[in-house]
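Chemist: Please find one structure pasted underneath; my questions will follow.
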Protein chains: 2
Amino acid sequence: MSEIPTLGIDFGGTSVKMAVAQGAELVSDLIRIPTQKHNGPTELIHEIKTKVTKLKKQFPNLAAVGIGVPGAIDFEKGITYNLTNVKGWTNVPLRDILKEELELPAVLENDANCMAYAEFKHGAGQGYQNVICVTLGTGVGGGLILNGELYRGSRFAAGEIGQMSVDLNGVDGPYGNHGALERYIGNRQIEEMAAQKYFDSSETTPVDLSPENLCQLANQGDKVALQVWDKVATYLAACLMNTVYLLNPDAIVIGGGVAHAGGILFDPLREKLKNCLTCECFDHLVLIPARFGNTAGIIGCSTLARGVVGS
Amino acid sequence: MSEIPTLGIDFGGTSVKMAVAQGAELVSDLIRIPTQKHNGPTELIHEIKTKVTKLKKQFPNLAAVGIGVPGAIDFEKGITYNLTNVKGWTNVPLRDILKEELELPAVLENDANCMAYAEFKHGAGQGYQNVICVTLGTGVGGGLILNGELYRGSRFAAGEIGQMSVDLNGVDGPYGNHGALERYIGNRQIEEMAAQKYFDSSETTPVDLSPENLCQLANQGDKVALQVWDKVATYLAACLMNTVYLLNPDAIVIGGGVAHAGGILFDPLREKLKNCLTCECFDHLVLIPARFGNTAGIIGCSTLARGVVGS
């Protein structure tokens with residue numbers, strides 16, 4: 001617990017979550033501010049400032065703040081280009097606003113990169129040099145650790161695993177990218193796939209087709225649910241195969257709600273990857289469930305903030 | 001011409017090519033030794049030694065040697081795992097053998113990485129930080145420059161763009177990787193595609209269906225040849241789209257025989273990439289034909305050799 005305390009602010013479409021962290025530990029309460037209740041950035045930033053002022057009394061040595069946001073950013077300039085599912089946040093110089101308002105050194109990062117960094121520094125990716133992190137949820141996000149560092153790309157847009165295609169003639173993607181992975185294994189798409197598979201089978205369709213429940217059903221031996229997870233593993237393996245041939249990583253970390261499926265997802269995924277990769281690529285590759293759940297974003301950006309302490 | 005002279009040895013299935021280079025310039029004659037004529041490594045290495053002994057008299061300040069090989073290697077140990085199309089080269093500690101025989105510091109690298117490094121240091125990729133290099137030929141090779149450095153991956157196997165899939169239900173790949181790019185746009189596959197398209201059309205099938213001739217035909221307005229190149233661009237764009245969503249590079253350099261197709265290939269490729277990428281990814285991306293042809297390997301590995309001078 002000797003690490004310096006920093007603040008992590010995890011912007012989400014529903015709520016802004018924040019907490020003070022030391023290393024992988026949250027040392028303050030988790031504070032939630034509803035995102036949509038506020039009329040755009042000014043009000044929300046004011047609310048954040050109020051909460052942080054209190055936190056600073058509790059943690060007088062609070063050293064920096066890291067902000068993770070769901071969408072495209074300019075890392076160098078600290079500007080949000082636009083945030084997915086959050087209106088009114090186009091071209092906001094959020095890093096410098098918070099730096100001034102909170103009187104703390106600040107860093108702004110994409111949320112999937114924050115999660116990757118959290119897993120690399122404190123979680124499932126520790127000790128590996130080249131790590132592909134995937135988060136499965138409403139969409140499919142990704143972050144890359146290459147040669148022991150967060151890899152951002154030329155315009156800070158790297159790691160968009162959910163937009164990679166598994167089939168050039170596949171379903172429409174949001175940017176003309178036919179066959180985009182997240183159009184096959186986003187949470188809603190998994191539910192739709194399950195609805196279709198139960199409909200096609202002689203089994204009764206369960207009321208709850210959420211990935212969580214499909215996971216429980218599969219663990220109870222439900223054949224249709226097992227088929228659904230096998231199909232999810234097929235799509236995910238096809239995409240991860242491409243990332244492995246391109247980057248030859250030593251670890252793939254999978255997080256997000258669907259990752260809780262555990263062996264139901266990881267066993268067929270490992271088998272499918274084994275069957276489509278060279279030995280050089282597969283034998284040294286580990287597939288690991290993420291360590292952090294909902295707090296990955298906070299831990300990641302508070303950890304990144306440690307890099308700007310004093311700046 | 002003030003750069004220190006180093007030797008580049010480019011191993012190929014047909015011949016070993018070597019020359020002394022300073023920067024991007026070959027300053028000696030290009031020497032060719034037939035690969036298959038020799039009974040495995042020992043004889044061939046003896047032949048190389050004989051040639052290099054003469055070169056060292058001509059270039060007494062020859063400072064190091066770089067060796068590029070077609071296949072999987074261990075970069076750190078300097079060992080060839082196995083070479084594509086060259087028998088008898090499994091687990092050969094080629095770097096240290098040549099280091100001893102030639103009495104020069106030596107470095108061993110995969111040939112696609114050598115080409116990428118040549119383009120990055122002296123060619124089309126100069127000045128860019130994140131570059132994806134693709135070579136189109138019998139197969140499809142690749143090399144990555146990330147954050148201004150050659151990226152090798154955890155087992156030195158990164159950049160295998162030809163093994164990436166464009167269709168999870170596509171044609172068989174060599175490692176179970178269905179839909180592997182090189183099974184669509186390798187030279188032979190392009191010829192087969194053309195044969196089929198001419199057969200299906202009312203046009204007479206040309207005798208020569210090589211990519212070079214298909215390129216000439218397309219430039220003369222031959223509709224079937226134009227369709228072939230459009231289809232090649234479709235497959236290549238599908239794969240490059242995935243590399244861009246993952247790595248957000250600032251440049252893609254395309255080399256190899258097919259790259260000479262010029263606008264016939266590059267124009268539809270650029271258009272297709274524009275139609276499937278986000279603005280952040282596409283607007284800052286340049287597509288450039290490689291500068292070097294057959295000498296890319298020699299220039300790349302002789303340039304890499306400069307990094308081990310004195311070691």
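All residue names refer to the structure tokens as shown: chains lettered A, B, ... in order, residues numbered from 1 in each chain, ligands numbered from 1 in order.
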Please return as a PyMOL selection string: the residues of segment 70-234 of chain A that backbone DSSP assigns to helix (DSSP H, G or I).

Modeler: chain A and resi 94-102+111-122+161-163+182-185+187-200+211-219+223-234

Chemist: Those same residues - C-alpha atoms - I'd like them written as a PDB file, in the first residue's frame.

Modeler:
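That gives us again.pdb:
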ATOM      1  CA  LEU A  94     -11.484  17.253 -21.004  1.00  0.00           C
ATOM      2  CA  ARG A  95      -7.975  16.620 -19.720  1.00  0.00           C
ATOM      3  CA  ASP A  96      -7.071  20.281 -19.403  1.00  0.00           C
ATOM      4  CA  ILE A  97     -10.485  21.246 -18.003  1.00  0.00           C
ATOM      5  CA  LEU A  98     -10.141  18.668 -15.226  1.00  0.00           C
ATOM      6  CA  LYS A  99      -6.485  19.520 -14.679  1.00  0.00           C
ATOM      7  CA  GLU A 100      -7.517  23.117 -14.010  1.00  0.00           C
ATOM      8  CA  GLU A 101     -10.727  22.439 -12.104  1.00  0.00           C
ATOM      9  CA  LEU A 102      -9.277  19.712  -9.892  1.00  0.00           C
ATOM     10  CA  ASP A 111     -11.597   3.129 -21.717  1.00  0.00           C
ATOM     11  CA  ALA A 112     -10.585  -0.072 -23.505  1.00  0.00           C
ATOM     12  CA  ASN A 113      -6.952   1.037 -23.289  1.00  0.00           C
ATOM     13  CA  CYS A 114      -7.458   1.713 -19.562  1.00  0.00           C
ATOM     14  CA  MET A 115      -8.733  -1.821 -19.046  1.00  0.00           C
ATOM     15  CA  ALA A 116      -5.791  -3.262 -20.992  1.00  0.00           C
ATOM     16  CA  TYR A 117      -3.373  -1.218 -18.922  1.00  0.00           C
ATOM     17  CA  ALA A 118      -5.010  -2.310 -15.647  1.00  0.00           C
ATOM     18  CA  GLU A 119      -4.701  -5.974 -16.610  1.00  0.00           C
ATOM     19  CA  PHE A 120      -1.114  -5.502 -17.774  1.00  0.00           C
ATOM     20  CA  LYS A 121       0.079  -3.642 -14.696  1.00  0.00           C
ATOM     21  CA  HIS A 122      -1.918  -5.336 -11.960  1.00  0.00           C
ATOM     22  CA  ILE A 161     -10.891  -5.496 -32.299  1.00  0.00           C
ATOM     23  CA  GLY A 162     -14.686  -5.273 -32.414  1.00  0.00           C
ATOM     24  CA  GLN A 163     -14.503  -3.599 -35.835  1.00  0.00           C
ATOM     25  CA  GLU A 182     -19.070  -7.107 -32.579  1.00  0.00           C
ATOM     26  CA  ARG A 183     -22.015  -7.638 -34.932  1.00  0.00           C
ATOM     27  CA  TYR A 184     -21.743 -11.350 -34.132  1.00  0.00           C
ATOM     28  CA  ILE A 185     -20.846 -11.515 -30.450  1.00  0.00           C
ATOM     29  CA  ASN A 187     -24.474  -9.087 -25.995  1.00  0.00           C
ATOM     30  CA  ARG A 188     -27.586  -8.366 -28.081  1.00  0.00           C
ATOM     31  CA  GLN A 189     -26.314 -10.469 -30.966  1.00  0.00           C
ATOM     32  CA  ILE A 190     -25.682 -13.379 -28.604  1.00  0.00           C
ATOM     33  CA  GLU A 191     -29.272 -13.100 -27.345  1.00  0.00           C
ATOM     34  CA  GLU A 192     -30.585 -13.028 -30.916  1.00  0.00           C
ATOM     35  CA  MET A 193     -28.457 -16.001 -31.873  1.00  0.00           C
ATOM     36  CA  ALA A 194     -29.765 -17.918 -28.858  1.00  0.00           C
ATOM     37  CA  ALA A 195     -33.393 -17.003 -29.660  1.00  0.00           C
ATOM     38  CA  GLN A 196     -32.908 -18.373 -33.173  1.00  0.00           C
ATOM     39  CA  LYS A 197     -31.194 -21.547 -32.010  1.00  0.00           C
ATOM     40  CA  TYR A 198     -33.891 -22.327 -29.418  1.00  0.00           C
ATOM     41  CA  PHE A 199     -36.566 -21.575 -32.032  1.00  0.00           C
ATOM     42  CA  ASP A 200     -34.902 -23.984 -34.489  1.00  0.00           C
ATOM     43  CA  PRO A 211     -25.263 -14.038 -21.785  1.00  0.00           C
ATOM     44  CA  GLU A 212     -25.141 -14.493 -17.992  1.00  0.00           C
ATOM     45  CA  ASN A 213     -28.131 -16.826 -18.035  1.00  0.00           C
ATOM     46  CA  LEU A 214     -26.946 -18.617 -21.184  1.00  0.00           C
ATOM     47  CA  CYS A 215     -23.752 -19.251 -19.293  1.00  0.00           C
ATOM     48  CA  GLN A 216     -25.627 -20.790 -16.350  1.00  0.00           C
ATOM     49  CA  LEU A 217     -27.702 -22.895 -18.690  1.00  0.00           C
ATOM     50  CA  ALA A 218     -24.614 -24.138 -20.514  1.00  0.00           C
ATOM     51  CA  ASN A 219     -23.003 -25.066 -17.207  1.00  0.00           C
ATOM     52  CA  LYS A 223     -27.390 -28.293 -25.337  1.00  0.00           C
ATOM     53  CA  VAL A 224     -28.664 -25.240 -27.150  1.00  0.00           C
ATOM     54  CA  ALA A 225     -26.830 -22.908 -24.762  1.00  0.00           C
ATOM     55  CA  LEU A 226     -23.654 -24.942 -25.326  1.00  0.00           C
ATOM     56  CA  GLN A 227     -24.125 -24.530 -29.082  1.00  0.00           C
ATOM     57  CA  VAL A 228     -24.447 -20.781 -28.625  1.00  0.00           C
ATOM     58  CA  TRP A 229     -21.147 -20.566 -26.732  1.00  0.00           C
ATOM     59  CA  ASP A 230     -19.435 -22.786 -29.268  1.00  0.00           C
ATOM     60  CA  LYS A 231     -20.561 -20.416 -32.003  1.00  0.00           C
ATOM     61  CA  VAL A 232     -19.391 -17.382 -30.005  1.00  0.00           C
ATOM     62  CA  ALA A 233     -16.027 -19.114 -29.624  1.00  0.00           C
ATOM     63  CA  THR A 234     -15.918 -19.728 -33.393  1.00  0.00           C
TER      64      THR A 234
END

Chemist: Kindly provide, as a CSV table (one decimal) with all heavy atoms, in the first residue's frame, the residues of chain A having any atom no farther than 7 Å from an atom of chain B, counting only C-alpha atoms.

Modeler:
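part05.csv, written as the output of this step:
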chain,number,residue,atom,x,y,z
A,130,ASN,N,3.7,-8.9,-24.7
A,130,ASN,CA,2.8,-8.5,-25.8
A,130,ASN,C,1.5,-9.2,-25.5
A,130,ASN,O,1.3,-10.4,-25.5
A,130,ASN,CB,3.4,-9.1,-27.1
A,130,ASN,CG,4.7,-8.5,-27.4
A,130,ASN,OD1,4.9,-7.3,-27.5
A,130,ASN,ND2,5.7,-9.4,-27.6
A,153,GLY,N,-1.3,3.6,-31.5
A,153,GLY,CA,-1.4,3.8,-32.9
A,153,GLY,C,-1.3,5.3,-33.2
A,153,GLY,O,-1.1,6.1,-32.4
A,154,SER,N,-1.3,5.6,-34.6
A,154,SER,CA,-0.9,6.9,-35.0
A,154,SER,C,-1.9,8.0,-34.7
A,154,SER,O,-1.5,9.1,-34.5
A,154,SER,CB,-0.7,6.8,-36.6
A,154,SER,OG,0.4,6.0,-36.9
A,155,ARG,N,-3.2,7.6,-34.6
A,155,ARG,CA,-4.2,8.6,-34.2
A,155,ARG,C,-4.9,8.1,-32.9
A,155,ARG,O,-6.1,8.4,-32.7
A,155,ARG,CB,-5.2,8.8,-35.3
A,155,ARG,CG,-4.6,9.3,-36.6
A,155,ARG,CD,-3.8,10.7,-36.4
A,155,ARG,NE,-4.8,11.7,-36.0
A,155,ARG,CZ,-4.3,12.9,-35.5
A,155,ARG,NH1,-3.1,13.1,-35.4
A,155,ARG,NH2,-5.2,13.8,-35.1
A,157,ALA,N,-6.1,5.4,-32.1
A,157,ALA,CA,-7.3,4.6,-32.4
A,157,ALA,C,-7.0,3.1,-32.6
A,157,ALA,O,-7.9,2.3,-33.0
A,157,ALA,CB,-8.0,5.1,-33.7
A,158,ALA,N,-5.9,2.6,-32.1
A,158,ALA,CA,-5.6,1.2,-32.2
A,158,ALA,C,-6.4,0.3,-31.3
A,158,ALA,O,-7.0,0.8,-30.4
A,158,ALA,CB,-4.1,1.0,-31.9
A,159,GLY,N,-6.4,-1.0,-31.6
A,159,GLY,CA,-7.1,-1.9,-30.7
A,159,GLY,C,-8.6,-2.1,-30.9
A,159,GLY,O,-9.3,-2.7,-30.1
A,160,GLU,N,-9.1,-1.6,-32.1
A,160,GLU,CA,-10.5,-1.7,-32.3
A,160,GLU,C,-10.9,-3.1,-32.8
A,160,GLU,O,-11.3,-3.3,-34.0
A,160,GLU,CB,-10.9,-0.7,-33.3
A,160,GLU,CG,-11.0,0.7,-32.8
A,160,GLU,CD,-12.1,0.9,-31.8
A,160,GLU,OE1,-13.0,0.0,-31.7
A,160,GLU,OE2,-12.1,2.0,-31.1
A,161,ILE,N,-10.7,-4.1,-31.9
A,161,ILE,CA,-10.9,-5.5,-32.3
A,161,ILE,C,-12.3,-5.8,-32.7
A,161,ILE,O,-12.6,-6.6,-33.6
A,161,ILE,CB,-10.5,-6.4,-31.1
A,161,ILE,CG1,-8.9,-6.3,-31.0
A,161,ILE,CG2,-10.9,-7.8,-31.3
A,161,ILE,CD1,-8.4,-7.0,-29.7
A,163,GLN,N,-14.2,-4.0,-34.5
A,163,GLN,CA,-14.5,-3.6,-35.8
A,163,GLN,C,-13.8,-4.5,-36.9
A,163,GLN,O,-14.0,-4.3,-38.1
A,163,GLN,CB,-14.1,-2.1,-36.0
A,163,GLN,CG,-14.8,-1.2,-35.1
A,163,GLN,CD,-16.3,-1.4,-35.0
A,163,GLN,OE1,-16.9,-1.7,-36.0
A,163,GLN,NE2,-16.9,-1.1,-33.8
A,164,MET,N,-12.9,-5.4,-36.4
A,164,MET,CA,-12.3,-6.3,-37.4
A,164,MET,C,-13.3,-7.3,-37.9
A,164,MET,O,-14.2,-7.7,-37.2
A,164,MET,CB,-11.1,-7.0,-36.6
A,164,MET,CG,-10.0,-6.1,-36.2
A,164,MET,SD,-8.7,-7.0,-35.2
A,164,MET,CE,-7.9,-8.0,-36.4
A,165,SER,N,-13.1,-7.6,-39.2
A,165,SER,CA,-14.1,-8.5,-39.8
A,165,SER,C,-13.7,-10.0,-39.8
A,165,SER,O,-12.5,-10.3,-39.9
A,165,SER,CB,-14.2,-8.1,-41.3
A,165,SER,OG,-14.8,-9.1,-42.1
A,166,VAL,N,-14.6,-10.8,-39.6
A,166,VAL,CA,-14.4,-12.2,-39.7
A,166,VAL,C,-14.9,-12.8,-41.0
A,166,VAL,O,-14.7,-14.0,-41.3
A,166,VAL,CB,-15.0,-13.0,-38.5
A,166,VAL,CG1,-14.4,-12.7,-37.2
A,166,VAL,CG2,-16.5,-12.8,-38.4
A,167,ASP,N,-15.5,-12.0,-41.8
A,167,ASP,CA,-16.1,-12.4,-43.1
A,167,ASP,C,-16.4,-11.2,-44.0
A,167,ASP,O,-17.3,-10.4,-43.7
A,167,ASP,CB,-17.5,-13.2,-42.8
A,167,ASP,CG,-18.2,-13.6,-44.0
A,167,ASP,OD1,-17.6,-13.4,-45.1
A,167,ASP,OD2,-19.2,-14.3,-43.9
A,168,LEU,N,-15.6,-11.2,-45.1
A,168,LEU,CA,-15.7,-10.0,-45.9
A,168,LEU,C,-17.1,-9.8,-46.6
A,168,LEU,O,-17.4,-8.7,-47.0
A,168,LEU,CB,-14.6,-9.9,-47.0
A,168,LEU,CG,-14.7,-10.7,-48.3
A,168,LEU,CD1,-13.6,-10.2,-49.2
A,168,LEU,CD2,-14.6,-12.2,-48.0
A,175,TYR,N,-19.3,1.0,-40.0
A,175,TYR,CA,-18.5,1.9,-40.8
A,175,TYR,C,-18.3,1.3,-42.2
A,175,TYR,O,-17.3,1.6,-42.9
A,175,TYR,CB,-17.1,2.1,-40.2
A,175,TYR,CG,-17.3,2.6,-38.7
A,175,TYR,CD1,-16.9,1.7,-37.7
A,175,TYR,CD2,-17.8,3.9,-38.4
A,175,TYR,CE1,-17.1,2.1,-36.4
A,175,TYR,CE2,-17.9,4.3,-37.1
A,175,TYR,CZ,-17.6,3.4,-36.1
A,175,TYR,OH,-17.7,3.8,-34.8
A,176,GLY,N,-19.2,0.4,-42.6
A,176,GLY,CA,-19.0,-0.3,-43.9
A,176,GLY,C,-18.2,-1.5,-43.8
A,176,GLY,O,-17.8,-2.1,-44.8
A,177,ASN,N,-17.8,-1.8,-42.6
A,177,ASN,CA,-16.9,-2.9,-42.3
A,177,ASN,C,-17.7,-4.2,-42.2
A,177,ASN,O,-18.0,-4.6,-41.0
A,177,ASN,CB,-16.0,-2.7,-41.1
A,177,ASN,CG,-16.7,-2.2,-39.9
A,177,ASN,OD1,-17.8,-1.6,-40.0
A,177,ASN,ND2,-16.2,-2.4,-38.7
A,238,ALA,N,-11.9,-16.8,-34.8
A,238,ALA,CA,-11.5,-16.3,-36.1
A,238,ALA,C,-10.8,-14.9,-36.1
A,238,ALA,O,-9.8,-14.7,-36.8
A,238,ALA,CB,-12.8,-16.2,-37.0
A,242,ASN,N,-6.5,-13.8,-36.3
A,242,ASN,CA,-5.9,-12.7,-37.1
A,242,ASN,C,-5.0,-11.8,-36.3
A,242,ASN,O,-3.9,-11.4,-36.8
A,242,ASN,CB,-7.0,-11.9,-37.8
A,242,ASN,CG,-7.7,-12.6,-39.0
A,242,ASN,OD1,-7.1,-13.6,-39.5
A,242,ASN,ND2,-8.9,-12.2,-39.3
A,245,TYR,N,-1.7,-13.9,-35.8
A,245,TYR,CA,-0.8,-13.9,-36.9
A,245,TYR,C,-0.2,-12.6,-37.2
A,245,TYR,O,1.0,-12.5,-37.6
A,245,TYR,CB,-1.6,-14.4,-38.2
A,245,TYR,CG,-1.7,-15.9,-38.3
A,245,TYR,CD1,-2.9,-16.5,-38.5
A,245,TYR,CD2,-0.5,-16.7,-38.3
A,245,TYR,CE1,-3.0,-17.9,-38.6
A,245,TYR,CE2,-0.6,-18.0,-38.4
A,245,TYR,CZ,-1.8,-18.7,-38.6
A,245,TYR,OH,-1.9,-20.0,-38.6
A,246,LEU,N,-0.9,-11.5,-36.9
A,246,LEU,CA,-0.3,-10.2,-37.1
A,246,LEU,C,0.7,-9.8,-36.0
A,246,LEU,O,1.8,-9.3,-36.2
A,246,LEU,CB,-1.4,-9.1,-37.2
A,246,LEU,CG,-1.0,-7.8,-37.7
A,246,LEU,CD1,-0.4,-7.9,-39.1
A,246,LEU,CD2,-2.1,-6.8,-37.6
A,247,LEU,N,0.4,-10.1,-34.7
A,247,LEU,CA,1.2,-9.6,-33.6
A,247,LEU,C,1.9,-10.6,-32.8
A,247,LEU,O,2.8,-10.2,-32.0
A,247,LEU,CB,0.2,-8.8,-32.7
A,247,LEU,CG,-0.4,-7.5,-33.3
A,247,LEU,CD1,-1.3,-6.9,-32.4
A,247,LEU,CD2,0.8,-6.6,-33.7
A,248,ASN,N,1.7,-11.9,-33.0
A,248,ASN,CA,2.4,-12.9,-32.2
A,248,ASN,C,2.6,-12.6,-30.7
A,248,ASN,O,3.7,-12.5,-30.2
A,248,ASN,CB,3.8,-13.2,-32.9
A,248,ASN,CG,4.6,-14.2,-32.3
A,248,ASN,OD1,5.8,-14.2,-32.3
A,248,ASN,ND2,4.0,-15.3,-31.7
A,249,PRO,N,1.4,-12.4,-30.0
A,249,PRO,CA,1.5,-12.1,-28.6
A,249,PRO,C,1.8,-13.3,-27.7
A,249,PRO,O,1.8,-14.4,-28.2
A,249,PRO,CB,0.1,-11.6,-28.3
A,249,PRO,CG,-0.8,-12.4,-29.3
A,249,PRO,CD,0.1,-12.6,-30.5
A,250,ASP,N,2.1,-13.0,-26.5
A,250,ASP,CA,2.3,-14.1,-25.5
A,250,ASP,C,1.0,-14.3,-24.7
A,250,ASP,O,0.9,-15.4,-24.0
A,250,ASP,CB,3.6,-14.1,-24.7
A,250,ASP,CG,4.0,-12.7,-24.3
A,250,ASP,OD1,3.1,-11.8,-24.4
A,250,ASP,OD2,5.1,-12.5,-23.9
A,275,ASN,N,-6.3,-25.1,-33.5
A,275,ASN,CA,-6.5,-25.7,-34.9
A,275,ASN,C,-6.3,-24.8,-36.1
A,275,ASN,O,-6.5,-25.2,-37.2
A,275,ASN,CB,-7.9,-26.3,-34.9
A,275,ASN,CG,-8.1,-27.5,-34.0
A,275,ASN,OD1,-7.1,-28.2,-33.7
A,275,ASN,ND2,-9.3,-27.8,-33.6
A,276,CYS,N,-6.0,-23.6,-35.8
A,276,CYS,CA,-5.8,-22.6,-36.9
A,276,CYS,C,-4.5,-21.8,-36.8
A,276,CYS,O,-4.3,-20.9,-37.6
A,276,CYS,CB,-7.0,-21.7,-37.1
A,276,CYS,SG,-7.3,-20.6,-35.7
A,277,LEU,N,-3.7,-22.1,-35.8
A,277,LEU,CA,-2.5,-21.3,-35.7
A,277,LEU,C,-1.2,-22.3,-35.9
A,277,LEU,O,-1.3,-23.5,-35.6
A,277,LEU,CB,-2.4,-20.7,-34.3
A,277,LEU,CG,-3.3,-19.6,-34.0
A,277,LEU,CD1,-3.3,-19.2,-32.5
A,277,LEU,CD2,-3.0,-18.3,-34.8
A,278,THR,N,-0.1,-21.7,-36.3
A,278,THR,CA,1.1,-22.4,-36.3
A,278,THR,C,1.6,-22.7,-34.9
A,278,THR,O,1.2,-22.1,-33.9
A,278,THR,CB,2.2,-21.6,-37.0
A,278,THR,OG1,2.4,-20.4,-36.2
A,278,THR,CG2,1.9,-21.2,-38.4
A,280,GLU,N,4.5,-22.2,-33.6
A,280,GLU,CA,5.3,-21.1,-33.0
A,280,GLU,C,4.3,-20.1,-32.3
A,280,GLU,O,4.6,-19.5,-31.3
A,280,GLU,CB,6.0,-20.3,-34.1
A,280,GLU,CG,7.1,-21.0,-34.8
A,280,GLU,CD,6.7,-21.2,-36.2
A,280,GLU,OE1,6.6,-20.3,-37.0
A,280,GLU,OE2,6.6,-22.4,-36.6

Chemist: Distance atom CA of Trp89 of chain B-atom CA of Thr42 of chain B, one decimal place?

Modeler: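 Rounded to one decimal, the two atoms are 10.2 Å apart.
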
Chemist: Leaving out Leu26 of chain B and any residue of its chain fewer than 5 positions from it, which residues lie within 9 Å of it when counting only C-alpha atoms, given as an MDAnalysis selection string?

Modeler: chainID B and resid 19:21 295 298:299

Chemist: Atoms to include: N, CA and C atoms. Write the selected residues as a PDB file, in the first residue's frame.

Modeler:
ATOM      1  N   ALA B  19      25.324  -8.734 -51.517  1.00  0.00           N
ATOM      2  CA  ALA B  19      26.018  -7.539 -51.988  1.00  0.00           C
ATOM      3  C   ALA B  19      26.399  -6.701 -50.785  1.00  0.00           C
ATOM      4  N   VAL B  20      27.386  -5.838 -51.002  1.00  0.00           N
ATOM      5  CA  VAL B  20      27.756  -4.872 -49.972  1.00  0.00           C
ATOM      6  C   VAL B  20      26.919  -3.624 -50.202  1.00  0.00           C
ATOM      7  N   ALA B  21      26.381  -3.079 -49.117  1.00  0.00           N
ATOM      8  CA  ALA B  21      25.535  -1.890 -49.229  1.00  0.00           C
ATOM      9  C   ALA B  21      26.018  -0.798 -48.288  1.00  0.00           C
ATOM     10  N   THR B 295      15.969  -6.069 -54.530  1.00  0.00           N
ATOM     11  CA  THR B 295      17.092  -5.796 -53.629  1.00  0.00           C
ATOM     12  C   THR B 295      16.636  -5.414 -52.214  1.00  0.00           C
ATOM     13  N   ILE B 298      18.283  -7.539 -49.408  1.00  0.00           N
ATOM     14  CA  ILE B 298      19.695  -7.219 -49.161  1.00  0.00           C
ATOM     15  C   ILE B 298      19.827  -5.882 -48.435  1.00  0.00           C
ATOM     16  N   ILE B 299      19.090  -4.894 -48.917  1.00  0.00           N
ATOM     17  CA  ILE B 299      19.183  -3.566 -48.288  1.00  0.00           C
ATOM     18  C   ILE B 299      18.688  -3.621 -46.840  1.00  0.00           C
TER      19      ILE B 299
END

Chemist: Can you tell me which residues surround Ile48 of chain B at a distance of at most 12 Å, considering only C-alpha atoms, apart from same-chain residues fewer than 6 positions away, and format the answer as a ChimeraX atom specification?

Modeler: /B:7-11,15-19,31-35,38,41-42,54-55,65,67,97-98,101-102

Chemist: Nearest to Thr135 of chain A: which of A:Ala261, A:Leu150, A:Leu304, A:Ile254 is it, counting only C-alpha atoms?

Modeler: A:Ile254

Chemist: Point out the residue among B:Leu83, B:Leu236, B:Ile132, B:Asp29 with the least atom-to-atom distance to Glu271 of chain B, counting only C-alpha atoms.

Modeler: B:Leu236

Chemist: Can you tell me how far atom CA of Lys87 of chain A sits from atom CA of Gly297 of chain A, in Å to one decimal?

Modeler: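 It comes out at 20.2 Å.
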
Chemist: Report, in Å with one decimal, the straight-line distance from atom CA of Ala24 of chain A to atom CA of Arg270 of chain A.

Modeler: 28.1 Å

Chemist: Write out as a PyMOL selection string all residues of segment 57-293 of chain A that DSSP puts in strand (DSSP E) for this structure's backbone.

Modeler: chain A and resi 65-69+71-74+79-83+106-110+131-136+140-146+149-151+251-255+286-289

Chemist: Go through B:Cys301, B:Val171, B:Val140, B:Ile79 and flag the residue nearest Gly186 of chain B, using only C-alpha atoms for the distances.

Modeler: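 The answer is B:Val140, which sits nearest to Gly186 of chain B.
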